[in-house]
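Notes follow the structure.
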Amino acid sequence: MAASRGRRLLWHGRCWFSQTESADPSQPPDSLYPPIVASATAKSKAAKRRRLEHFNQRVHSAASIEEKLRLYGLLQRPKYMVYPQTFALNADRWYRSFTKTVFVPGLPPRAPSTGAEAPGAVAPEAAKTPEGAGGAAKAPEPGTVTPEAAKTPESAAGAAPCLDMGELRSLACDALLQESFYQNKKRPFLYRDQDHTPGPFLTQLVSTLAAFLSGRNPLLAASSLDLKPEVNYYWHHGEEVVVHGHRKGRVDPVRFQIDDNPHLQIRVPKQLPEIVPLESDLGDVPVIDHKPSKLPLFKKQYENKVFIGSKVADPCCYGHTQFHLIPDKLNRERFVRAHLEDQIEVLYRANGIASLFAWTAAQAMYQGFWSEADVTRPFVSQAVVTDGKYFAFFCYQLNTLALTVETIQNNPRKNICWGTDSKPLYDVVEDGSVKGFNDGVLLQLVHFLLNRPKEL
Amino acid sequence: LFQGVRQAQWLTKTKLVEGLPPPVLSIIDNPAHQLEDHEERVQRAISHARFWETTEVAPRREHYCPVLFEDLIHLCRLMSVKYPSLTKRMLARNYRISATWERESILLQVRGQNGILMNSMAPIPPVASKEEILATEEHVLETFYPISPTIDLQEVNVYKELDDTGKSSRFRDGYPYSYPHTVFFLESANIRPNRFRPEQLRAKMLMFAFGNALAKAKVLYGNDPKVLEQPIVVQSIGTDGQLFQFMVFQLNTTDLVSSDGIKNLVWIDSDQNLYEKAQCIPEIKKRVVTKPAGIYGFQPDTFKKFLALYLHGTV
């Protein structure tokens, strides 16, 4: 066993280079002989375990986060590409099983900091307006967001914390009208309807709302807005036997990669507060007995990227809200024509779960956590999935990154995703005015943007 | 345009003034109109655009130029906390402009899809006093005989003399944000020959600012050529991700056929560097790091001018 120290050759396959061992742990003084350990290069389970431990040790002791990410994604093998926006049937069940996520319908009850505004807002509202419904619109609603048909009258000189619904509504309508009505654009390119109107509308809406609300939410004032960023995450979950090739018969972890392109994303320097404690259990994770390729998912081998939208050096390393635009080939009419109306909601849910899992997990990796070093605090982010008219809101709490075969065994934690159904923001735009504007959806969006840690 | 700004001046009957106009300069000097720790935030915006935006080591200009612009606009928009009327602005991307005028019996037209326009509900008040406007009467436009002023312009058969009042106007009637405020130009092509040189970029900015102002004047005051009592001001900012050109254009007259009389005015502040160099990878010579990665030569004044032009008209 003299070969146990000194040069180790050919770890984990051919693509790893030979390198000298890092500093040996000091020998206890009473033993004369080096420790007896399993071989490093034999074709045995003990040797494989030892190689795995050595890899984990390397990643644990990496000098910087970039180095850790580089080592984590060093070995390239064929992996399943998970697309958040997919036409696959019941994709959200599959994605929940891949990411160990529990889905809770409706949104979580709002934090007390925003609740403190509500009593202050309700009092002047109730004093001024006879409509009780107007006051109810501001109170926290755990669960579904009911559309408020009665337009809340403008809370004029009232208390400062009051949200001026009239102002917000006019901002939203202006953005919508500009993009769809006032600005003369050429006809949309074939199958590129989403780039023509809903895309610019969403950008315009979010940027003006974020600027408008940055006075109330100091986190937004320090935020960074990305247009069409890239979000990637790579992870292992489960095991399979290699089917064909020179590695046939070996047991390998199942690898997944998400490459996402949200339309817009807001990153902030401080983390959003946790919604429920780390060890909460709010439901069950579906267990699917089939191989992931039955979804359908396809394998490809390429670079294992972990990216939140900007590199590790950026101070805005936590996520706040993402905005996703459903592409043209997945619009509602196609589902209705194919008699798959129930899959419309599945599409929104799958998009929310997959994108948010990738984003929060990448944020956690940027802080140094990975599957062997699980997160010590939950990571929370929000997302809005829309196709220009219908909006669905999602909230995700990442409680665990440990999804590999070894780490999942004693891990009771589950990730949690809250989400709503998609609701229309307006009915139709004609003749320079918006018909049937839904204040509830706008209010929900505003509350999403106002979300912030309790200290601020 | 061959002669750059000089040719554009002749075509639009404009007098050039170096530097930015006094109202804008007063906004720059006023410390109340600044963001808190804006230097650090602008540097962070530059780093984000130049280093951190993509997983590549050094993002290319196509990536970083628009990202830098978006970040700077985001910072400017955050000023709406202090000045709520700033929310009355709307950005229009991919907008199309078309404006026609006659200049000494040559029919000229500005058309096309170029840049990003920012509209506001309220117009910018005129920056030049009445005396300055009258003083432009004596100013003689430079001509560059024997080169014709229309050299390098594309000659097309125009079947419809379109202004923004025409059927293919870029915005319909009743648009609440009716005043063009600023036009932004991003030169983000990767290869140098595909980008405009600074001189040509300034000329392009002038032509488009003029086109916008002329179209607005025709909407407000009709098609007859005359001197405007209330001049229209349109600003213009052009950048290639590092170098900024600032321009404020004031349309005093729509009487452009003759070369005499009152002229329009333009103030240009050219070639303002936001930073000297952005080093993505540390420069190493003989295994010693000579230049660590980072931004060099940061000049906060350029961002102050950017912000001042953004705030102009509301403060």
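By convention here, the chains of the structure tokens are called A, B, ... in the order presented, each chain's residues are numbered starting at 1, and ligands are numbered starting at 1 in the order presented.
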- Task: Find the residues of chain A in contact range of chain B, meaning any atom within 10 Å when counting only C-alpha atoms, and list them as a ChimeraX atom specification.
- Result: /A:171,174-175,177-179,181-186,200,203-205,207-216,220-227,229-231,305-316,432
- Query: Which neighbours of Ile133 in chain B fall inside 9 Å, counting only C-alpha atoms, when residues of the same chain fewer than 4 positions from it are skipped, and could you give them as a PyMOL selection string?
  - Reply: chain B and resi 128-129+137+252+262-265
With C-alpha atoms retained, export the selected residues as an mmCIF file, in the first residue's frame.
```
data_model
loop_
_atom_site.group_PDB
_atom_site.id
_atom_site.type_symbol
_atom_site.label_atom_id
_atom_site.label_comp_id
_atom_site.auth_asym_id
_atom_site.auth_seq_id
_atom_site.Cartn_x
_atom_site.Cartn_y
_atom_site.Cartn_z
ATOM 1 C CA ALA B 128 -31.825 79.205 -25.161
ATOM 2 C CA SER B 129 -33.067 82.654 -24.412
ATOM 3 C CA GLU B 137 -29.871 85.192 -37.606
ATOM 4 C CA ASN B 252 -36.483 77.363 -33.449
ATOM 5 C CA ILE B 262 -33.303 82.277 -37.523
ATOM 6 C CA LYS B 263 -31.394 79.069 -37.186
ATOM 7 C CA ASN B 264 -31.842 76.114 -34.914
ATOM 8 C CA LEU B 265 -29.421 75.505 -32.111
#
```
- Message: My list of candidates is B:Thr14, B:Gln245, B:Asn194, B:Ser188. Which is closest to His63 in chain B when distances are computed with only C-alpha atoms?
- Response: B:Ser188
- Taking the DSSP assignment computed from this structure's backbone, write out as JSON, numbers by chain all residues of range 20-56 of chain B that belong to helix (DSSP H, G or I). {"B": [22, 23, 24, 25, 26, 27, 28, 29, 31, 32, 33, 38, 39, 40, 41, 42, 43, 44, 45, 46, 47, 48, 49, 50, 51, 52]}
N, CA and C atoms of the current selection, written as a PDB file, in the first residue's frame:
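Result file part.pdb:
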```
ATOM      1  N   PRO B  22     -26.664  75.894 -20.331  1.00  0.00           N
ATOM      2  CA  PRO B  22     -26.623  76.272 -18.907  1.00  0.00           C
ATOM      3  C   PRO B  22     -27.670  75.565 -18.046  1.00  0.00           C
ATOM      4  N   PRO B  23     -28.915  75.402 -18.479  1.00  0.00           N
ATOM      5  CA  PRO B  23     -29.848  74.710 -17.566  1.00  0.00           C
ATOM      6  C   PRO B  23     -29.401  73.307 -17.218  1.00  0.00           C
ATOM      7  N   VAL B  24     -28.833  72.605 -18.198  1.00  0.00           N
ATOM      8  CA  VAL B  24     -28.379  71.245 -17.909  1.00  0.00           C
ATOM      9  C   VAL B  24     -27.183  71.292 -16.977  1.00  0.00           C
ATOM     10  N   LEU B  25     -26.295  72.263 -17.216  1.00  0.00           N
ATOM     11  CA  LEU B  25     -25.120  72.351 -16.356  1.00  0.00           C
ATOM     12  C   LEU B  25     -25.525  72.654 -14.921  1.00  0.00           C
ATOM     13  N   SER B  26     -26.585  73.444 -14.764  1.00  0.00           N
ATOM     14  CA  SER B  26     -27.001  73.737 -13.401  1.00  0.00           C
ATOM     15  C   SER B  26     -27.574  72.510 -12.725  1.00  0.00           C
ATOM     16  N   ILE B  27     -28.197  71.630 -13.487  1.00  0.00           N
ATOM     17  CA  ILE B  27     -28.679  70.385 -12.876  1.00  0.00           C
ATOM     18  C   ILE B  27     -27.501  69.535 -12.426  1.00  0.00           C
ATOM     19  N   ILE B  28     -26.443  69.519 -13.252  1.00  0.00           N
ATOM     20  CA  ILE B  28     -25.282  68.705 -12.884  1.00  0.00           C
ATOM     21  C   ILE B  28     -24.686  69.213 -11.582  1.00  0.00           C
ATOM     22  N   ASP B  29     -24.601  70.562 -11.469  1.00  0.00           N
ATOM     23  CA  ASP B  29     -23.900  71.088 -10.307  1.00  0.00           C
ATOM     24  C   ASP B  29     -24.727  70.998  -9.049  1.00  0.00           C
ATOM     25  N   PRO B  31     -26.233  69.465  -6.060  1.00  0.00           N
ATOM     26  CA  PRO B  31     -26.024  68.169  -5.398  1.00  0.00           C
ATOM     27  C   PRO B  31     -27.322  67.472  -5.028  1.00  0.00           C
ATOM     28  N   ALA B  32     -28.422  68.174  -5.021  1.00  0.00           N
ATOM     29  CA  ALA B  32     -29.689  67.526  -4.669  1.00  0.00           C
ATOM     30  C   ALA B  32     -30.138  66.554  -5.743  1.00  0.00           C
ATOM     31  N   HIS B  33     -29.596  66.716  -6.947  1.00  0.00           N
ATOM     32  CA  HIS B  33     -30.067  65.873  -8.037  1.00  0.00           C
ATOM     33  C   HIS B  33     -29.174  64.670  -8.235  1.00  0.00           C
ATOM     34  N   HIS B  38     -23.609  57.321  -5.771  1.00  0.00           N
ATOM     35  CA  HIS B  38     -23.836  56.965  -7.161  1.00  0.00           C
ATOM     36  C   HIS B  38     -22.560  56.483  -7.814  1.00  0.00           C
ATOM     37  N   GLU B  39     -21.408  56.950  -7.313  1.00  0.00           N
ATOM     38  CA  GLU B  39     -20.167  56.515  -7.962  1.00  0.00           C
ATOM     39  C   GLU B  39     -20.006  55.019  -7.846  1.00  0.00           C
ATOM     40  N   GLU B  40     -20.284  54.529  -6.626  1.00  0.00           N
ATOM     41  CA  GLU B  40     -20.106  53.094  -6.435  1.00  0.00           C
ATOM     42  C   GLU B  40     -21.113  52.333  -7.277  1.00  0.00           C
ATOM     43  N   ARG B  41     -22.330  52.853  -7.369  1.00  0.00           N
ATOM     44  CA  ARG B  41     -23.337  52.115  -8.115  1.00  0.00           C
ATOM     45  C   ARG B  41     -23.053  52.131  -9.604  1.00  0.00           C
ATOM     46  N   VAL B  42     -22.534  53.258 -10.100  1.00  0.00           N
ATOM     47  CA  VAL B  42     -22.216  53.297 -11.527  1.00  0.00           C
ATOM     48  C   VAL B  42     -21.066  52.338 -11.811  1.00  0.00           C
ATOM     49  N   GLN B  43     -20.102  52.295 -10.906  1.00  0.00           N
ATOM     50  CA  GLN B  43     -18.996  51.356 -11.131  1.00  0.00           C
ATOM     51  C   GLN B  43     -19.492  49.929 -11.096  1.00  0.00           C
ATOM     52  N   ARG B  44     -20.448  49.683 -10.199  1.00  0.00           N
ATOM     53  CA  ARG B  44     -21.002  48.332 -10.168  1.00  0.00           C
ATOM     54  C   ARG B  44     -21.740  48.031 -11.462  1.00  0.00           C
ATOM     55  N   ALA B  45     -22.439  49.040 -11.990  1.00  0.00           N
ATOM     56  CA  ALA B  45     -23.148  48.825 -13.259  1.00  0.00           C
ATOM     57  C   ALA B  45     -22.160  48.524 -14.375  1.00  0.00           C
ATOM     58  N   ILE B  46     -21.049  49.238 -14.395  1.00  0.00           N
ATOM     59  CA  ILE B  46     -20.048  48.998 -15.442  1.00  0.00           C
ATOM     60  C   ILE B  46     -19.472  47.603 -15.280  1.00  0.00           C
ATOM     61  N   SER B  47     -19.146  47.232 -14.043  1.00  0.00           N
ATOM     62  CA  SER B  47     -18.591  45.887 -13.839  1.00  0.00           C
ATOM     63  C   SER B  47     -19.592  44.834 -14.264  1.00  0.00           C
ATOM     64  N   HIS B  48     -20.842  45.069 -13.920  1.00  0.00           N
ATOM     65  CA  HIS B  48     -21.861  44.084 -14.307  1.00  0.00           C
ATOM     66  C   HIS B  48     -21.906  43.927 -15.805  1.00  0.00           C
ATOM     67  N   ALA B  49     -21.879  45.047 -16.519  1.00  0.00           N
ATOM     68  CA  ALA B  49     -22.005  44.951 -17.971  1.00  0.00           C
ATOM     69  C   ALA B  49     -20.750  44.353 -18.592  1.00  0.00           C
ATOM     70  N   ARG B  50     -19.581  44.786 -18.128  1.00  0.00           N
ATOM     71  CA  ARG B  50     -18.349  44.376 -18.772  1.00  0.00           C
ATOM     72  C   ARG B  50     -17.820  43.035 -18.298  1.00  0.00           C
ATOM     73  N   PHE B  51     -18.111  42.640 -17.044  1.00  0.00           N
ATOM     74  CA  PHE B  51     -17.503  41.402 -16.549  1.00  0.00           C
ATOM     75  C   PHE B  51     -18.517  40.318 -16.237  1.00  0.00           C
ATOM     76  N   TRP B  52     -19.590  40.684 -15.502  1.00  0.00           N
ATOM     77  CA  TRP B  52     -20.337  39.638 -14.832  1.00  0.00           C
ATOM     78  C   TRP B  52     -21.559  39.159 -15.590  1.00  0.00           C
TER      79      TRP B  52
END
```
- Task: Tell me which protein, DNA and RNA residues are within 7 Å of range 196-200 of chain B, counting only C-alpha atoms, leaving out same-chain ones fewer than 3 positions away, and put them as an MDAnalysis selection string.
- Result: chainID B and resid 1 4:5 187 203:204
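Distances from A:Lys48, A:Val428, A:Leu401, A:Arg250 to Gly368 in chain A were compared using only C-alpha atoms, and the smallest one belongs to A:Leu401.
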- Task: Please identify all polymer residues within 10 Å of Gly238 in chain B, counting only C-alpha atoms, omitting same-chain residues fewer than 6 positions from it, and present them as a list in words.
- Result: Gly115, Val183, Phe184, Phe185, Leu186, Glu187, Pro198, Leu201, Arg202, Lys204, Met205, Phe244, Gln245, Phe246, Met247, Ser270 and Asp271 of chain B
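The smallest atom-to-atom distance between Gln363 in chain A and any of A:Ile65, A:Val287, A:Leu219, A:Cys417, using only C-alpha atoms, is found for A:Ile65.
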- When you draw a straight line from CA of Lys423 in chain A to CA of Arg96 in chain A, how long is it in Å? 22.7 Å
Show which residues sit within 9 Å of range 190-199 of chain A, as an mmCIF file with all heavy atoms, in the first residue's frame. Count only C-alpha atoms, and ignore same-chain residues fewer than 2 positions away.
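Result file follows (around-v6.cif):
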```
data_model
loop_
_atom_site.group_PDB
_atom_site.id
_atom_site.type_symbol
_atom_site.label_atom_id
_atom_site.label_comp_id
_atom_site.auth_asym_id
_atom_site.auth_seq_id
_atom_site.Cartn_x
_atom_site.Cartn_y
_atom_site.Cartn_z
ATOM 1 N N LEU A 176 -49.408 49.027 -21.281
ATOM 2 C CA LEU A 176 -50.118 48.103 -22.157
ATOM 3 C C LEU A 176 -50.564 48.798 -23.430
ATOM 4 O O LEU A 176 -50.394 48.307 -24.541
ATOM 5 C CB LEU A 176 -51.330 47.566 -21.394
ATOM 6 C CG LEU A 176 -52.129 46.496 -22.075
ATOM 7 C CD1 LEU A 176 -51.225 45.357 -22.440
ATOM 8 C CD2 LEU A 176 -53.220 46.013 -21.145
ATOM 9 N N GLU A 179 -47.695 49.625 -25.919
ATOM 10 C CA GLU A 179 -47.137 48.534 -26.697
ATOM 11 C C GLU A 179 -48.141 47.976 -27.682
ATOM 12 O O GLU A 179 -47.807 47.573 -28.780
ATOM 13 C CB GLU A 179 -46.662 47.421 -25.767
ATOM 14 C CG GLU A 179 -45.468 47.806 -24.945
ATOM 15 C CD GLU A 179 -44.346 48.340 -25.775
ATOM 16 O OE1 GLU A 179 -44.177 47.900 -26.926
ATOM 17 O OE2 GLU A 179 -43.623 49.220 -25.297
ATOM 18 N N SER A 180 -49.403 47.928 -27.279
ATOM 19 C CA SER A 180 -50.338 47.255 -28.165
ATOM 20 C C SER A 180 -51.052 48.214 -29.078
ATOM 21 O O SER A 180 -51.466 47.832 -30.149
ATOM 22 C CB SER A 180 -51.347 46.459 -27.347
ATOM 23 O OG SER A 180 -51.780 47.220 -26.266
ATOM 24 N N LYS A 185 -46.278 49.574 -34.987
ATOM 25 C CA LYS A 185 -45.187 48.664 -35.331
ATOM 26 C C LYS A 185 -45.621 47.899 -36.565
ATOM 27 O O LYS A 185 -46.784 47.824 -36.889
ATOM 28 C CB LYS A 185 -44.970 47.658 -34.197
ATOM 29 C CG LYS A 185 -44.743 48.290 -32.877
ATOM 30 C CD LYS A 185 -44.554 47.221 -31.822
ATOM 31 C CE LYS A 185 -44.600 47.836 -30.463
ATOM 32 N NZ LYS A 185 -44.474 46.864 -29.401
ATOM 33 N N LYS A 186 -44.654 47.302 -37.198
ATOM 34 C CA LYS A 186 -45.022 46.466 -38.347
ATOM 35 C C LYS A 186 -45.720 45.226 -37.827
ATOM 36 O O LYS A 186 -45.694 44.925 -36.644
ATOM 37 C CB LYS A 186 -43.750 46.055 -39.067
ATOM 38 C CG LYS A 186 -43.227 47.121 -39.966
ATOM 39 C CD LYS A 186 -42.087 46.543 -40.775
ATOM 40 C CE LYS A 186 -41.938 47.281 -42.074
ATOM 41 N NZ LYS A 186 -40.712 46.930 -42.750
ATOM 42 N N ARG A 187 -46.249 44.458 -38.749
ATOM 43 C CA ARG A 187 -46.900 43.231 -38.319
ATOM 44 C C ARG A 187 -45.879 42.304 -37.681
ATOM 45 O O ARG A 187 -44.733 42.286 -38.096
ATOM 46 C CB ARG A 187 -47.520 42.545 -39.522
ATOM 47 C CG ARG A 187 -48.892 43.077 -39.840
ATOM 48 C CD ARG A 187 -49.408 42.456 -41.093
ATOM 49 N NE ARG A 187 -49.231 41.021 -41.076
ATOM 50 C CZ ARG A 187 -49.435 40.265 -42.153
ATOM 51 N NH1 ARG A 187 -49.772 40.818 -43.293
ATOM 52 N NH2 ARG A 187 -49.257 38.973 -42.101
ATOM 53 N N PRO A 188 -46.332 41.512 -36.706
ATOM 54 C CA PRO A 188 -45.335 40.632 -36.070
ATOM 55 C C PRO A 188 -44.842 39.580 -37.037
ATOM 56 O O PRO A 188 -45.562 39.125 -37.902
ATOM 57 C CB PRO A 188 -46.109 39.998 -34.917
ATOM 58 C CG PRO A 188 -47.538 40.202 -35.234
ATOM 59 C CD PRO A 188 -47.643 41.403 -36.100
ATOM 60 N N PHE A 201 -44.218 44.930 -23.410
ATOM 61 C CA PHE A 201 -45.143 45.371 -22.364
ATOM 62 C C PHE A 201 -44.649 44.947 -20.995
ATOM 63 O O PHE A 201 -44.648 45.732 -20.037
ATOM 64 C CB PHE A 201 -46.536 44.788 -22.628
ATOM 65 C CG PHE A 201 -47.425 44.758 -21.427
ATOM 66 C CD1 PHE A 201 -47.716 45.928 -20.737
ATOM 67 C CD2 PHE A 201 -47.976 43.578 -20.958
ATOM 68 C CE1 PHE A 201 -48.533 45.913 -19.630
ATOM 69 C CE2 PHE A 201 -48.789 43.559 -19.852
ATOM 70 C CZ PHE A 201 -49.068 44.726 -19.185
ATOM 71 N N LEU A 202 -44.188 43.698 -20.899
ATOM 72 C CA LEU A 202 -43.734 43.204 -19.597
ATOM 73 C C LEU A 202 -42.522 43.984 -19.123
ATOM 74 O O LEU A 202 -42.431 44.394 -17.957
ATOM 75 C CB LEU A 202 -43.391 41.721 -19.731
ATOM 76 C CG LEU A 202 -43.246 40.924 -18.460
ATOM 77 C CD1 LEU A 202 -44.495 40.988 -17.647
ATOM 78 C CD2 LEU A 202 -42.920 39.487 -18.790
ATOM 79 N N THR A 203 -41.570 44.218 -20.064
ATOM 80 C CA THR A 203 -40.366 44.973 -19.691
ATOM 81 C C THR A 203 -40.750 46.354 -19.192
ATOM 82 O O THR A 203 -40.285 46.823 -18.151
ATOM 83 C CB THR A 203 -39.442 45.142 -20.901
ATOM 84 O OG1 THR A 203 -39.423 43.956 -21.638
ATOM 85 C CG2 THR A 203 -38.064 45.521 -20.483
ATOM 86 N N GLN A 204 -41.584 47.022 -19.953
ATOM 87 C CA GLN A 204 -41.997 48.382 -19.615
ATOM 88 C C GLN A 204 -42.690 48.395 -18.262
ATOM 89 O O GLN A 204 -42.387 49.229 -17.389
ATOM 90 C CB GLN A 204 -42.995 48.823 -20.701
ATOM 91 C CG GLN A 204 -43.257 50.273 -20.757
ATOM 92 C CD GLN A 204 -42.134 51.003 -21.396
ATOM 93 O OE1 GLN A 204 -41.299 51.527 -20.700
ATOM 94 N NE2 GLN A 204 -42.098 51.035 -22.701
ATOM 95 N N HIS A 263 -37.437 36.203 -19.020
ATOM 96 C CA HIS A 263 -37.536 37.446 -19.796
ATOM 97 C C HIS A 263 -36.899 38.593 -19.030
ATOM 98 O O HIS A 263 -36.281 39.484 -19.612
ATOM 99 C CB HIS A 263 -39.012 37.741 -20.044
ATOM 100 C CG HIS A 263 -39.244 38.911 -20.931
ATOM 101 N ND1 HIS A 263 -39.040 38.869 -22.295
ATOM 102 C CD2 HIS A 263 -39.623 40.172 -20.672
ATOM 103 C CE1 HIS A 263 -39.309 40.032 -22.823
ATOM 104 N NE2 HIS A 263 -39.666 40.857 -21.861
ATOM 105 N N LEU A 325 -41.871 34.638 -19.893
ATOM 106 C CA LEU A 325 -42.851 34.850 -20.949
ATOM 107 C C LEU A 325 -43.040 33.516 -21.655
ATOM 108 O O LEU A 325 -42.080 32.903 -22.096
ATOM 109 C CB LEU A 325 -42.299 35.892 -21.912
ATOM 110 C CG LEU A 325 -43.278 36.567 -22.836
ATOM 111 C CD1 LEU A 325 -44.342 37.266 -22.055
ATOM 112 C CD2 LEU A 325 -42.538 37.545 -23.705
ATOM 113 N N ILE A 326 -44.287 33.089 -21.769
ATOM 114 C CA ILE A 326 -44.535 31.810 -22.436
ATOM 115 C C ILE A 326 -44.367 32.021 -23.940
ATOM 116 O O ILE A 326 -44.948 32.947 -24.502
ATOM 117 C CB ILE A 326 -45.971 31.336 -22.134
ATOM 118 C CG1 ILE A 326 -46.195 31.319 -20.640
ATOM 119 C CG2 ILE A 326 -46.255 30.024 -22.768
ATOM 120 C CD1 ILE A 326 -46.134 29.991 -20.023
ATOM 121 N N PRO A 327 -43.621 31.169 -24.617
ATOM 122 C CA PRO A 327 -43.391 31.403 -26.050
ATOM 123 C C PRO A 327 -44.638 31.079 -26.869
ATOM 124 O O PRO A 327 -45.602 30.515 -26.383
ATOM 125 C CB PRO A 327 -42.248 30.443 -26.377
ATOM 126 C CG PRO A 327 -42.342 29.385 -25.366
ATOM 127 C CD PRO A 327 -42.900 29.991 -24.123
ATOM 128 N N ASP A 328 -44.556 31.464 -28.124
ATOM 129 C CA ASP A 328 -45.715 31.332 -29.001
ATOM 130 C C ASP A 328 -46.161 29.909 -29.201
ATOM 131 O O ASP A 328 -47.344 29.643 -29.358
ATOM 132 C CB ASP A 328 -45.357 31.906 -30.357
ATOM 133 C CG ASP A 328 -46.245 33.077 -30.659
ATOM 134 O OD1 ASP A 328 -47.275 33.189 -29.987
ATOM 135 O OD2 ASP A 328 -45.893 33.845 -31.535
ATOM 136 N N LYS A 329 -45.223 28.964 -29.248
ATOM 137 C CA LYS A 329 -45.668 27.625 -29.591
ATOM 138 C C LYS A 329 -46.341 26.926 -28.420
ATOM 139 O O LYS A 329 -46.778 25.804 -28.547
ATOM 140 C CB LYS A 329 -44.497 26.794 -30.106
ATOM 141 C CG LYS A 329 -43.309 26.738 -29.217
ATOM 142 C CD LYS A 329 -42.259 25.904 -29.929
ATOM 143 C CE LYS A 329 -41.267 25.376 -28.963
ATOM 144 N NZ LYS A 329 -40.271 24.551 -29.590
ATOM 145 N N THR A 386 -46.111 34.461 -17.350
ATOM 146 C CA THR A 386 -47.214 35.100 -18.065
ATOM 147 C C THR A 386 -47.091 34.879 -19.555
ATOM 148 O O THR A 386 -46.004 34.598 -20.059
ATOM 149 C CB THR A 386 -47.219 36.615 -17.770
ATOM 150 O OG1 THR A 386 -48.167 37.232 -18.620
ATOM 151 C CG2 THR A 386 -45.879 37.231 -18.059
ATOM 152 N N ASP A 387 -48.222 35.021 -20.226
ATOM 153 C CA ASP A 387 -48.132 35.023 -21.682
ATOM 154 C C ASP A 387 -48.599 36.356 -22.222
ATOM 155 O O ASP A 387 -49.001 36.465 -23.367
ATOM 156 C CB ASP A 387 -48.965 33.882 -22.272
ATOM 157 C CG ASP A 387 -50.455 34.114 -22.119
ATOM 158 O OD1 ASP A 387 -50.841 35.022 -21.353
ATOM 159 O OD2 ASP A 387 -51.243 33.398 -22.745
ATOM 160 N N GLY A 388 -48.549 37.366 -21.393
ATOM 161 C CA GLY A 388 -48.938 38.703 -21.835
ATOM 162 C C GLY A 388 -50.285 39.099 -21.273
ATOM 163 O O GLY A 388 -50.517 40.258 -20.965
ATOM 164 N N LYS A 389 -51.168 38.148 -21.137
ATOM 165 C CA LYS A 389 -52.489 38.491 -20.613
ATOM 166 C C LYS A 389 -52.778 37.747 -19.313
ATOM 167 O O LYS A 389 -53.301 38.329 -18.376
ATOM 168 C CB LYS A 389 -53.543 38.099 -21.652
ATOM 169 C CG LYS A 389 -54.921 38.550 -21.300
ATOM 170 C CD LYS A 389 -55.853 38.370 -22.481
ATOM 171 C CE LYS A 389 -57.280 38.361 -21.991
ATOM 172 N NZ LYS A 389 -58.244 37.939 -22.987
#
```
